[in-house]
There are 2 protein chains.
Amino acid sequence: MSKKNIALNRLSAIQNHISNQPQQTGPIDLARERENASFNVKHMNWLFWGGKEFAEALQDAYLIIQRDPDLYFPGGHPYDLTRPEEREVTMKQIFRYIQLKKSLKDPLLFKALGVAMGMYSESFNMKVYVNDSLDVLLCSFLRGLETTATYDRETDEFIIHSPTLTSTKIWIGMAGQTATHSIALCQTIIDGKKWGTNWFIVPLRDQKTGKLMSGVTAGDVGAKYGRNGIDNGWIQYSHVRVPRTNMMMKWAKVNKGGEYTTSANPAVSYSVLIGERLTVLTEAVGTCGQVLTIACRYGCVRRQGANEEQIMDYQSHYVRLMPCVAGIYVISIITRMIMSKWDGIMKLAQTSQEEFLSYLPDVHAISSGLKATISWWGCEVLERVRRSLGGYAYSSYNAIGGAIRDWGVVTTGGGDNFVLIQQTARYLLGSFKQVSHGKRVTGSVEFLNDIQQTLSSTKSNLSDERQLLNLDFTLEMYTWLCSKKINVLAASLDSSTSGEETAWNDNQVDLIKLGELYSYRYTLSEYIKGLKECSTNSEFKELIPILTKLGSLWAINLINDSLNLFLEEEYLNGEQVKIIKKFYLKLCKEIRKECIPLVDSWGFPDFILKAPLGKYDGDVYTAYLETLKAAPNCIGIPSYWEKYVKNF
Amino acid sequence: MSKKNIALNRLSAIQNHISNQPQQTGPIDLARERENASFNVKHMNWLFWGGKEFAEALQDAYLIIQRDPDLYFPGGHPYDLTRPEEREVTMKQIFRYIQLKKSLKDPLLFKALGVAMGMYSESFNMKVYVNDSLDVLLCSFLRGLETTATYDRETDEFIIHSPTLTSTKIWIGMAGQTATHSIALCQTIIDGKKWGTNWFIVPLRDQKTGKLMSGVTAGDVGAKYGRNGIDNGWIQYSHVRVPRTNMMMKWAKVNKGGEYTTSANPAVSYSVLIGERLTVLTEAVGTCGQVLTIACRYGCVRRQGANEEQIMDYQSHYVRLMPCVAGIYVISIITRMIMSKWDGIMKLAQTSQEEFLSYLPDVHAISSGLKATISWWGCEVLERVRRSLGGYAYSSYNAIGGAIRDWGVVTTGGGDNFVLIQQTARYLLGSFKQVSHGKRVTGSVEFLNDIQQTLSSTKSNLSDERQLLNLDFTLEMYTWLCSKKINVLAASLDSSTSGEETAWNDNQVDLIKLGELYSYRYTLSEYIKGLKECSTNSEFKELIPILTKLGSLWAINLINDSLNLFLEEEYLNGEQVKIIKKFYLKLCKEIRKECIPLVDSWGFPDFILKAPLGKYDGDVYTAYLETLKAAPNCIGIPSYWEKYVKNF
């Protein structure tokens, strides 16, 4: 090489090192972004986790996980584990977690540890969720293809039996390899008469040997799209005998003579599903919050384009991500409110069954609607994040792929979304009918009492973008749309001459839309209440301006997504739509300025995020390449070289 | 057990067996659905595969794969393989495939075998695609972070060098473990002067030993979201010397003295990327066609609801799937047209560079736009299919999870969609400017010549749903929208006072939308031409009615997705929107009747689909449970029982 060339090469190398923007500017960029906070990040963190006390317990819990070799993933993540390895690790984590229950004296810390572990590992989360004490196992109910529990008076036992191939229960968490007991929802038969479904505890495996009990056939479902750390399985019962008292007799009872006492309302036994559905909200906040943290940090570190701009400054980038950030705030705040309401209702079950039952239909509709709507929303958030990470999203080490896979089951499991959202629509139409008959309705459908007045307005009075910052104004707009949709659908169903079911089916697409509108409307109306609560707290009061802005973005995003519906009913005209679209872009741009403080406030530590691209300090590329180099067999000759490559 | 109970139990079992709808009715259901075909399925299959000859070669290829133990996945699918196992299998398949190249005398059959194997294994597809002869390896170009090739006159060599951490090339197919050579796009430097980028062949590994060549650092990227059968890797070159002639001198040349002859147009060297982008269309047809086959069959077999209806009869079900089925037809037909056009243009490169170059901008815009639009469309199709399979989608054995994972990279790799679609938008605005200056434009933007006339109409004359069946009518509507969007955006960009780049960014969301509108418009206009070609063929002529209906559904679906844009410009009013929505539902319902013959026509055999739920014969539940039972360790005691479960 000529001296000149050597010199030029060196200069070029130095020049490249200097101009090596992402590596050098990442930490500086994030530090600068952090200065943009208009609010106190620590206070926001407390609010996000329901108060200072729990937020601090969570910090302790994070430390415990990082320092405990049984809780911490070997190598920091599960992405290189095989299925059996991942299961073993998950089981180890659960085992350790149960041990810690005894040694950690502080129940709040133990609770925080559960929350932290749940965010750290989705398989852990699911396994612990389905199985608090780890010696029983919940089965899901398959309608129409039922397992039977037939009472045998002579021995005072129930005989549990799955009669057909298709009554085989599939997908039961931990049934594949781990569970020692199952809780099966069975059709209860006494003297040939069907008494409806009840839950029965049925032993599955011998705890000492792990072998299946006589009469039980069970197996693992094998490879899944996600959550491979948990052993979903299938079960077939062949005339398995259990003592009569293995029937869970909280609501219905069977005495020794085989006398069946019906529960006041058969719906009661499904109430456990309501709580299960509501957990989707918490999961959405945890999962989507984590990946949005990664996406926002990467978006502010990554530079691209002629002027090497932060990609977060591109309109198409922040417009896709900011409404999602706002959504996390809205959902987290209303989730706490809904959960506490539900806890109150569950307590009523012990004291006043009648009052308890009076609340059920509304909570059922809310939980079904939100489960469907927010789990679909989660899919959209995850996909937006995936696209925002560019090619890096394809690397398992940046967490988004795993998050998408783990999320997959949420829309179809625990009640398929399409089924649930129609139940919600049915409830709405029923409530509307009551209102039409002059009755007043309460709960989430209270707005229907004013439907006549709401719909007496046929054109929006929107004329200035500033109106859109007012949460009551946007709620009113969205309420109008929701009311209109109910009204139109009720008329369409009523006027149909083709029978109730056909009419329903002919309007199904719109009915599903209605369920979504109602659910989203509910998030907005509850959020407004939540803000009022915040404003009574001295630490959180100062957060109201940014929280209001986030709520407005959420509201305008909802309206923006439904413009065709507003326009179709000619409630909005072309000019008004332009006002909305313009303001929507403007508000996204404004929130973008604070996106880093906004995601920092959630406080997910790097080890929970498990993504070099989302590192708090912004030094993402070095971290990513280090992660690659730590992968098994990163540099090495593969087994197939001798057999194939060599012989080409 | 009392005799009475035994008898009742048996009766119940028998009753359950008899009422066991899905198992028994599946085959009957599909047989009945097959009777609904209004067209000749075999002829449709020929059309779909570009003619009888190739369709028949494909049948032979399918047989070869099924009978060849080196091509066939052990156990029929790759879902239980670990990453090293999957890679070994993929390599075995490729090795065998290359062997067959010599022994199969029929080039058409070999081509068909490549197509069939590509559909059978996405990793195979990718590996063979990036690497036809398997001794070279393509690197992707990372703009702004370049590897340099510095000419050393003394030794007549180029010195290849990656100067920084962030110039490390990541994601290169087969670079992780397999490739012996790389083709790197490098900044060419001669005597300190940069001459632009060229492709260079750089040896990576010793073929005999598999060891990295001196100066090359390369490693595997480890776990990926999908396509784990292919070893993507990263490469760093440290002053690697290669002979001057390792520069690929198709366009630019460097002679022994270091004299650089510039190619006529630097864009030429990217023309290889155009072909790459267009392959997304073929992949969309293959991948989405397969999962839609599964979804349609399962949808017609699965029964649910009070009357145990086929779930495909639910409005929300067929409305989500039928436009996707129509899309496969549209895309497959236009893909063949576009590919053949592109082949023609590529031939011009040999004979008339000038003419070749004159076609490039338009093809570049089309390929970029379609790559982005159709790969996003594919994401939507896959997600719809996933949801339509309910809980079963979560099982890897039903193929959809793997398809989603494999598809993941398509939107972000090979040119990020957001970047590509903006290039398309830029081309459109440039063409519009030319038209404004009185010039005529040709190619895909020809419709812009009439933009004044198009936009002189400000209201749609839609008054009857029958107008919507006419493809020219819907194309006209969509052309109006596309023209309007260009017009509005050009004005917005022109009127901006904030500088060109800021103006672009402030309109970015709309510019991306414009790119999509143009691309979708192109699919429709080409499809109309495709139908005209079909009508000249005696075998395909009879297919025109159903193909027209499919085209109409595609068109109305496009319009339906853009209602807010039409309404915002007040081109459509509320009443017209209601006509469109109603007709859209109606057309979906009509296509639904033939959905099984429509997917059958694509001719994907069961072993290619790799999903028990999509079995041709409709006996899906038995097949599914058998698949589960064949999973490794389906029934057995896990390693962690002794350590953990026993000690609870």
# chains A, B, ... in the order shown; residues from 1 in each chain; ligands from 1

$ closest_atom_pairs --of "chain A" --to "chain B" --cutoff "6 Å" --atoms "only C-alpha atoms" --output "CSV"
residue,atom,partner,partner_atom,distance
A:Met1,CA,B:Asp152,CA,5.7
A:Ala13,CA,B:Pro163,CA,5.1
A:His17,CA,B:Thr164,CA,6.0
A:Glu88,CA,B:Tyr640,CA,5.7
A:Asp152,CA,B:Met1,CA,5.9
A:Pro163,CA,B:Ala13,CA,5.1
A:Gln207,CA,B:Lys646,CA,5.8
A:Lys208,CA,B:Lys646,CA,5.5
A:Gly210,CA,B:Ile637,CA,6.0
A:Gly219,CA,B:Ile635,CA,4.8
A:Asp220,CA,B:Cys634,CA,4.6
A:Val221,CA,B:Leu628,CA,5.5
A:Gly222,CA,B:Ala631,CA,5.6
A:Ala223,CA,B:Ser396,CA,5.3
A:Lys224,CA,B:Ser395,CA,4.6
A:Tyr225,CA,B:Tyr394,CA,5.2
A:Gln315,CA,B:Asn505,CA,5.8
A:Ser316,CA,B:Val509,CA,5.1
A:Gly390,CA,B:Thr412,CA,5.0
A:Gly391,CA,B:Thr412,CA,5.2
A:Tyr394,CA,B:Tyr225,CA,5.2
A:Ser395,CA,B:Lys224,CA,4.6
A:Ser396,CA,B:Lys224,CA,4.6
A:Gly401,CA,B:Tyr225,CA,5.3
A:Thr412,CA,B:Gly390,CA,5.0
A:Gly413,CA,B:Gly391,CA,5.6
A:Asn505,CA,B:Gln315,CA,5.8
A:Gln508,CA,B:Gln315,CA,5.8
A:Val509,CA,B:Ser316,CA,5.1
A:Leu563,CA,B:Asn564,CA,5.9
A:Asn564,CA,B:Asn564,CA,4.3
A:Glu568,CA,B:Gly574,CA,4.3
A:Glu569,CA,B:Gly574,CA,5.9
A:Gly574,CA,B:Glu568,CA,4.2
A:Leu628,CA,B:Val221,CA,5.5
A:Ala631,CA,B:Gly222,CA,5.6
A:Cys634,CA,B:Asp220,CA,4.6
A:Ile635,CA,B:Gly219,CA,4.8
A:Ile637,CA,B:Gly210,CA,6.0
A:Tyr640,CA,B:Glu88,CA,5.7
A:Lys646,CA,B:Lys208,CA,5.5

$ select_by_dssp --residues "region 33-222 of chain B" --states "helix (DSSP H, G or I)" --output "compact mmCIF listing (two decimals) with C-alpha atoms, in the first residue's frame"
# COMPACT_ATOMS: atom_id res chain seq x y z
CA GLU B 33 -68.75 -26.14 -0.39
CA ARG B 34 -66.86 -27.56 -3.36
CA VAL B 41 -61.14 -25.15 -10.56
CA LYS B 42 -58.51 -26.84 -12.69
CA HIS B 43 -58.50 -24.05 -15.26
CA MET B 44 -58.27 -21.52 -12.45
CA ASN B 45 -55.29 -23.42 -11.10
CA TRP B 46 -53.58 -23.20 -14.49
CA LEU B 47 -54.24 -19.48 -14.67
CA PHE B 48 -52.98 -18.99 -11.13
CA LYS B 52 -51.09 -25.54 -17.57
CA GLU B 53 -47.51 -26.53 -18.16
CA PHE B 54 -46.09 -24.95 -15.05
CA ALA B 55 -49.09 -25.93 -12.92
CA GLU B 56 -48.44 -29.56 -13.85
CA ALA B 57 -44.71 -29.30 -13.28
CA LEU B 58 -45.54 -28.00 -9.82
CA GLN B 59 -47.58 -31.12 -9.12
CA ASP B 60 -44.53 -33.22 -9.98
CA ALA B 61 -42.35 -31.03 -7.81
CA TYR B 62 -44.70 -31.55 -4.87
CA LEU B 63 -44.35 -35.29 -5.29
CA ILE B 64 -40.58 -35.06 -5.38
CA ILE B 65 -40.50 -33.16 -2.09
CA GLN B 66 -42.85 -35.53 -0.35
CA ARG B 67 -40.84 -38.55 -1.42
CA PRO B 74 -38.53 -34.82 9.43
CA GLY B 75 -42.00 -35.24 10.97
CA GLY B 76 -43.47 -33.00 8.29
CA ARG B 83 -32.17 -23.37 15.87
CA PRO B 84 -29.10 -25.51 15.03
CA GLU B 85 -31.37 -28.35 13.90
CA GLU B 86 -33.42 -26.07 11.68
CA ARG B 87 -30.29 -24.73 10.07
CA GLU B 88 -28.92 -28.17 9.43
CA VAL B 89 -32.19 -29.25 7.85
CA THR B 90 -32.28 -26.14 5.66
CA MET B 91 -28.73 -26.77 4.54
CA LYS B 92 -29.55 -30.38 3.80
CA GLN B 93 -32.50 -29.27 1.69
CA ILE B 94 -30.37 -26.84 -0.25
CA PHE B 95 -27.62 -29.39 -0.76
CA ARG B 96 -30.13 -31.87 -2.08
CA TYR B 97 -31.79 -29.25 -4.25
CA ILE B 98 -28.46 -28.40 -5.88
CA GLN B 99 -27.82 -32.11 -6.46
CA LEU B 100 -31.20 -32.40 -8.14
CA LYS B 101 -30.32 -29.53 -10.44
CA LYS B 102 -27.90 -31.91 -12.11
CA SER B 103 -30.08 -34.99 -12.12
CA PRO B 107 -35.48 -27.12 -16.39
CA LEU B 108 -39.17 -26.33 -15.94
CA LEU B 109 -39.44 -29.05 -13.33
CA PHE B 110 -36.36 -27.74 -11.56
CA LYS B 111 -37.86 -24.26 -11.58
CA ALA B 112 -41.09 -25.66 -10.20
CA LEU B 113 -39.14 -27.49 -7.53
CA GLY B 114 -37.55 -24.20 -6.48
CA VAL B 115 -40.95 -22.53 -6.28
CA ALA B 116 -42.42 -25.45 -4.34
CA MET B 117 -39.48 -25.62 -1.93
CA GLY B 118 -39.68 -21.87 -1.46
CA MET B 119 -43.28 -22.22 -0.36
CA TYR B 120 -42.42 -25.23 1.75
CA GLU B 122 -39.23 -19.74 4.02
CA SER B 123 -35.65 -20.24 5.20
CA PHE B 124 -34.87 -22.32 2.14
CA ASN B 125 -36.50 -19.66 0.02
CA MET B 126 -34.43 -16.89 1.52
CA LYS B 127 -31.18 -18.83 1.42
CA VAL B 128 -31.59 -19.87 -2.18
CA TYR B 129 -32.88 -16.48 -3.14
CA VAL B 130 -29.92 -14.57 -1.78
CA LEU B 165 -18.45 -0.23 14.96
CA THR B 166 -21.59 1.13 13.34
CA SER B 167 -20.35 0.41 9.84

$ select_by_dssp --residues "region 184-373 of chain B" --states "strand (DSSP E)" --output "ChimeraX atom specification"
/B:184-190,193-203,216-220,233-237,240-243,253-254,260-261,303-304,309-310

$ write_last_selection --atoms "N, CA, C and O atoms" --output "compact mmCIF listing (two decimals), in the first residue's frame"
# COMPACT_ATOMS: atom_id res chain seq x y z
N ALA B 184 -19.96 -7.15 -1.23
CA ALA B 184 -20.13 -5.96 -0.39
C ALA B 184 -20.25 -4.72 -1.25
O ALA B 184 -19.51 -4.53 -2.22
N LEU B 185 -21.19 -3.87 -0.88
CA LEU B 185 -21.35 -2.59 -1.57
C LEU B 185 -20.42 -1.60 -0.84
O LEU B 185 -20.62 -1.31 0.32
N CYS B 186 -19.40 -1.14 -1.54
CA CYS B 186 -18.39 -0.31 -0.89
C CYS B 186 -18.25 1.04 -1.58
O CYS B 186 -18.45 1.16 -2.79
N GLN B 187 -17.88 1.99 -0.80
CA GLN B 187 -17.49 3.29 -1.31
C GLN B 187 -16.13 3.11 -2.00
O GLN B 187 -15.16 2.69 -1.36
N THR B 188 -16.08 3.38 -3.32
CA THR B 188 -14.85 3.13 -4.06
C THR B 188 -13.94 4.35 -3.99
O THR B 188 -14.36 5.46 -4.37
N ILE B 189 -12.73 4.13 -3.51
CA ILE B 189 -11.81 5.26 -3.34
C ILE B 189 -10.54 5.01 -4.16
O ILE B 189 -9.91 3.95 -4.02
N ILE B 190 -10.21 5.94 -5.03
CA ILE B 190 -8.98 5.82 -5.83
C ILE B 190 -8.21 7.12 -5.67
O ILE B 190 -8.76 8.20 -5.92
N LYS B 193 -9.90 9.90 -3.89
CA LYS B 193 -11.16 10.44 -4.40
C LYS B 193 -12.28 9.38 -4.31
O LYS B 193 -12.06 8.22 -4.68
N LYS B 194 -13.44 9.80 -3.85
CA LYS B 194 -14.57 8.87 -3.76
C LYS B 194 -15.31 8.82 -5.09
O LYS B 194 -15.71 9.84 -5.64
N TRP B 195 -15.47 7.61 -5.63
CA TRP B 195 -16.11 7.44 -6.93
C TRP B 195 -17.52 6.86 -6.83
O TRP B 195 -18.08 6.42 -7.83
N GLY B 196 -18.06 6.82 -5.65
CA GLY B 196 -19.40 6.23 -5.49
C GLY B 196 -19.29 4.76 -5.14
O GLY B 196 -18.19 4.21 -4.99
N THR B 197 -20.43 4.11 -5.01
CA THR B 197 -20.43 2.74 -4.51
C THR B 197 -20.42 1.72 -5.64
O THR B 197 -20.99 1.93 -6.70
N ASN B 198 -19.74 0.61 -5.37
CA ASN B 198 -19.72 -0.52 -6.30
C ASN B 198 -19.75 -1.82 -5.49
O ASN B 198 -19.50 -1.81 -4.29
N TRP B 199 -20.09 -2.88 -6.17
CA TRP B 199 -20.13 -4.20 -5.52
C TRP B 199 -18.77 -4.88 -5.65
O TRP B 199 -18.18 -4.89 -6.72
N PHE B 200 -18.33 -5.50 -4.57
CA PHE B 200 -17.05 -6.21 -4.55
C PHE B 200 -17.23 -7.61 -3.97
O PHE B 200 -17.94 -7.77 -2.97
N ILE B 201 -16.58 -8.58 -4.60
CA ILE B 201 -16.61 -9.93 -4.06
C ILE B 201 -15.46 -10.06 -3.05
O ILE B 201 -14.30 -9.82 -3.39
N VAL B 202 -15.82 -10.41 -1.83
CA VAL B 202 -14.80 -10.53 -0.78
C VAL B 202 -14.92 -11.91 -0.14
O VAL B 202 -15.98 -12.25 0.39
N PRO B 203 -13.83 -12.71 -0.21
CA PRO B 203 -13.89 -14.04 0.42
C PRO B 203 -14.09 -13.91 1.93
O PRO B 203 -13.52 -13.00 2.55
N VAL B 216 -11.19 -10.80 8.23
CA VAL B 216 -12.65 -10.83 8.27
C VAL B 216 -13.10 -11.21 9.67
O VAL B 216 -12.64 -12.20 10.23
N THR B 217 -13.96 -10.39 10.26
CA THR B 217 -14.63 -10.78 11.50
C THR B 217 -16.10 -10.92 11.16
O THR B 217 -16.68 -10.02 10.55
N ALA B 218 -16.64 -12.06 11.47
CA ALA B 218 -18.05 -12.26 11.13
C ALA B 218 -18.66 -13.17 12.19
O ALA B 218 -17.97 -13.99 12.79
N GLY B 219 -19.93 -12.97 12.43
CA GLY B 219 -20.59 -13.80 13.43
C GLY B 219 -22.07 -13.90 13.14
O GLY B 219 -22.61 -13.21 12.26
N ASP B 220 -22.70 -14.75 13.89
CA ASP B 220 -24.11 -15.02 13.71
C ASP B 220 -24.93 -14.02 14.53
O ASP B 220 -24.51 -13.62 15.61
N GLY B 233 -26.02 -12.85 9.58
CA GLY B 233 -24.81 -12.55 10.34
C GLY B 233 -24.36 -11.12 10.18
O GLY B 233 -25.01 -10.31 9.52
N TRP B 234 -23.27 -10.83 10.82
CA TRP B 234 -22.66 -9.49 10.72
C TRP B 234 -21.22 -9.67 10.28
O TRP B 234 -20.61 -10.70 10.54
N ILE B 235 -20.71 -8.66 9.59
CA ILE B 235 -19.35 -8.75 9.04
C ILE B 235 -18.61 -7.44 9.30
O ILE B 235 -19.17 -6.36 9.16
N GLN B 236 -17.38 -7.58 9.69
CA GLN B 236 -16.47 -6.42 9.75
C GLN B 236 -15.23 -6.78 8.92
O GLN B 236 -14.63 -7.82 9.14
N TYR B 237 -14.88 -5.91 7.99
CA TYR B 237 -13.65 -6.12 7.20
C TYR B 237 -12.54 -5.24 7.77
O TYR B 237 -12.76 -4.04 8.00
N VAL B 240 -9.03 -5.89 4.20
CA VAL B 240 -8.99 -7.13 3.43
C VAL B 240 -8.63 -6.82 1.98
O VAL B 240 -9.27 -5.99 1.35
N ARG B 241 -7.62 -7.51 1.47
CA ARG B 241 -7.17 -7.23 0.11
C ARG B 241 -7.80 -8.21 -0.88
O ARG B 241 -7.79 -9.41 -0.66
N VAL B 242 -8.36 -7.64 -1.95
CA VAL B 242 -8.91 -8.48 -3.01
C VAL B 242 -8.39 -7.97 -4.35
O VAL B 242 -8.09 -6.78 -4.50
N PRO B 243 -8.25 -8.88 -5.35
CA PRO B 243 -7.81 -8.42 -6.67
C PRO B 243 -8.76 -7.37 -7.22
O PRO B 243 -9.96 -7.39 -6.92
N LYS B 253 -16.34 0.77 -14.29
CA LYS B 253 -15.14 -0.04 -14.51
C LYS B 253 -13.94 0.65 -13.92
O LYS B 253 -13.85 1.88 -13.87
N VAL B 254 -12.98 -0.17 -13.46
CA VAL B 254 -11.68 0.37 -13.06
C VAL B 254 -10.63 -0.44 -13.79
O VAL B 254 -10.65 -1.68 -13.72
N TYR B 260 -11.07 5.15 -13.53
CA TYR B 260 -12.46 4.81 -13.23
C TYR B 260 -13.36 5.30 -14.35
O TYR B 260 -13.30 6.47 -14.74
N THR B 261 -14.14 4.41 -14.93
CA THR B 261 -15.11 4.82 -15.93
C THR B 261 -16.49 4.80 -15.28
O THR B 261 -16.98 3.74 -14.87
N ARG B 303 -67.80 -25.22 13.58
CA ARG B 303 -69.18 -24.79 13.84
C ARG B 303 -69.28 -24.23 15.24
O ARG B 303 -68.69 -24.76 16.18
N GLN B 304 -70.02 -23.17 15.37
CA GLN B 304 -70.12 -22.50 16.66
C GLN B 304 -71.43 -21.73 16.73
O GLN B 304 -72.01 -21.40 15.72
N GLU B 309 -73.50 -23.10 13.70
CA GLU B 309 -73.29 -22.67 12.31
C GLU B 309 -71.82 -22.74 11.92
O GLU B 309 -70.94 -22.65 12.76
N GLN B 310 -71.59 -22.88 10.64
CA GLN B 310 -70.21 -22.75 10.15
C GLN B 310 -69.75 -21.33 10.45
O GLN B 310 -70.45 -20.37 10.10

$ residues_around --residues "Leu370 (chain B)" --least-positions-apart "4" --cutoff "9 Å" --atoms "only C-alpha atoms" --output "list of chain:residue names"
B:Arg277, B:Leu278, B:Val280, B:Leu281, B:Ala365, B:Ile366, B:Ile374, B:Ser375, B:Ile421, B:Glu516, B:Ser519, B:Tyr520, B:Tyr522, B:Thr523

$ write_last_selection --atoms "N, CA and C atoms" --output "PDB file, in the first residue's frame"
ATOM      1  N   ARG B 277     -37.245  -6.167  -4.748  1.00  0.00           N
ATOM      2  CA  ARG B 277     -38.498  -5.662  -4.160  1.00  0.00           C
ATOM      3  C   ARG B 277     -39.721  -6.348  -4.740  1.00  0.00           C
ATOM      4  N   LEU B 278     -39.645  -6.585  -6.048  1.00  0.00           N
ATOM      5  CA  LEU B 278     -40.814  -7.185  -6.698  1.00  0.00           C
ATOM      6  C   LEU B 278     -41.082  -8.596  -6.189  1.00  0.00           C
ATOM      7  N   VAL B 280     -41.414  -9.498  -3.354  1.00  0.00           N
ATOM      8  CA  VAL B 280     -42.373  -9.439  -2.245  1.00  0.00           C
ATOM      9  C   VAL B 280     -43.773  -9.818  -2.729  1.00  0.00           C
ATOM     10  N   LEU B 281     -44.076  -9.447  -3.970  1.00  0.00           N
ATOM     11  CA  LEU B 281     -45.398  -9.775  -4.510  1.00  0.00           C
ATOM     12  C   LEU B 281     -45.586 -11.290  -4.574  1.00  0.00           C
ATOM     13  N   ALA B 365     -40.407   3.504  -8.882  1.00  0.00           N
ATOM     14  CA  ALA B 365     -41.544   3.989  -8.089  1.00  0.00           C
ATOM     15  C   ALA B 365     -42.570   2.885  -7.865  1.00  0.00           C
ATOM     16  N   ILE B 366     -42.834   2.128  -8.922  1.00  0.00           N
ATOM     17  CA  ILE B 366     -43.806   1.035  -8.791  1.00  0.00           C
ATOM     18  C   ILE B 366     -43.303  -0.011  -7.804  1.00  0.00           C
ATOM     19  N   ILE B 374     -47.833  -3.808  -0.438  1.00  0.00           N
ATOM     20  CA  ILE B 374     -48.256  -5.203  -0.387  1.00  0.00           C
ATOM     21  C   ILE B 374     -47.647  -5.928   0.820  1.00  0.00           C
ATOM     22  N   SER B 375     -46.472  -5.527   1.258  1.00  0.00           N
ATOM     23  CA  SER B 375     -45.939  -6.190   2.450  1.00  0.00           C
ATOM     24  C   SER B 375     -46.738  -5.767   3.687  1.00  0.00           C
ATOM     25  N   ILE B 421     -41.855   4.094   0.436  1.00  0.00           N
ATOM     26  CA  ILE B 421     -43.123   4.672  -0.004  1.00  0.00           C
ATOM     27  C   ILE B 421     -42.998   6.187  -0.195  1.00  0.00           C
ATOM     28  N   GLU B 516     -49.434   4.957  -0.920  1.00  0.00           N
ATOM     29  CA  GLU B 516     -50.286   3.767  -0.867  1.00  0.00           C
ATOM     30  C   GLU B 516     -51.427   3.842  -1.869  1.00  0.00           C
ATOM     31  N   SER B 519     -50.151   3.106  -5.277  1.00  0.00           N
ATOM     32  CA  SER B 519     -49.781   1.703  -5.476  1.00  0.00           C
ATOM     33  C   SER B 519     -51.022   0.825  -5.624  1.00  0.00           C
ATOM     34  N   TYR B 520     -51.990   1.076  -4.761  1.00  0.00           N
ATOM     35  CA  TYR B 520     -53.226   0.293  -4.865  1.00  0.00           C
ATOM     36  C   TYR B 520     -53.955   0.596  -6.172  1.00  0.00           C
ATOM     37  N   TYR B 522     -52.603   1.290  -8.882  1.00  0.00           N
ATOM     38  CA  TYR B 522     -51.875   0.565  -9.932  1.00  0.00           C
ATOM     39  C   TYR B 522     -52.292  -0.903  -9.978  1.00  0.00           C
ATOM     40  N   THR B 523     -52.490  -1.509  -8.791  1.00  0.00           N
ATOM     41  CA  THR B 523     -52.926  -2.917  -8.806  1.00  0.00           C
ATOM     42  C   THR B 523     -54.244  -3.054  -9.558  1.00  0.00           C
TER      43      THR B 523
END

$ residues_around --residues "Ser332 (chain B)" --least-positions-apart "6" --cutoff "10 Å" --atoms "only C-alpha atoms" --output "list of chain:residue names"
B:Leu47, B:Phe48, B:Trp49, B:Gly50, B:Leu281, B:Thr282, B:Glu283, B:Ala284, B:Val285, B:Gly286, B:Gly289, B:Tyr527

$ write_last_selection --atoms "C-alpha atoms" --output "PDB file, in the first residue's frame"
ATOM      1  CA  LEU B  47     -54.243 -19.483 -14.670  1.00  0.00           C
ATOM      2  CA  PHE B  48     -52.981 -18.987 -11.127  1.00  0.00           C
ATOM      3  CA  TRP B  49     -49.674 -20.657 -11.920  1.00  0.00           C
ATOM      4  CA  GLY B  50     -49.238 -18.985 -15.262  1.00  0.00           C
ATOM      5  CA  LEU B 281     -45.398  -9.775  -4.510  1.00  0.00           C
ATOM      6  CA  THR B 282     -44.678 -13.433  -5.193  1.00  0.00           C
ATOM      7  CA  GLU B 283     -44.019 -14.047  -1.542  1.00  0.00           C
ATOM      8  CA  ALA B 284     -47.286 -12.370  -0.581  1.00  0.00           C
ATOM      9  CA  VAL B 285     -49.202 -14.649  -2.908  1.00  0.00           C
ATOM     10  CA  GLY B 286     -47.418 -17.739  -1.577  1.00  0.00           C
ATOM     11  CA  GLY B 289     -52.432 -17.723  -0.123  1.00  0.00           C
ATOM     12  CA  TYR B 527     -55.672  -6.091 -13.062  1.00  0.00           C
TER      13      TYR B 527
END
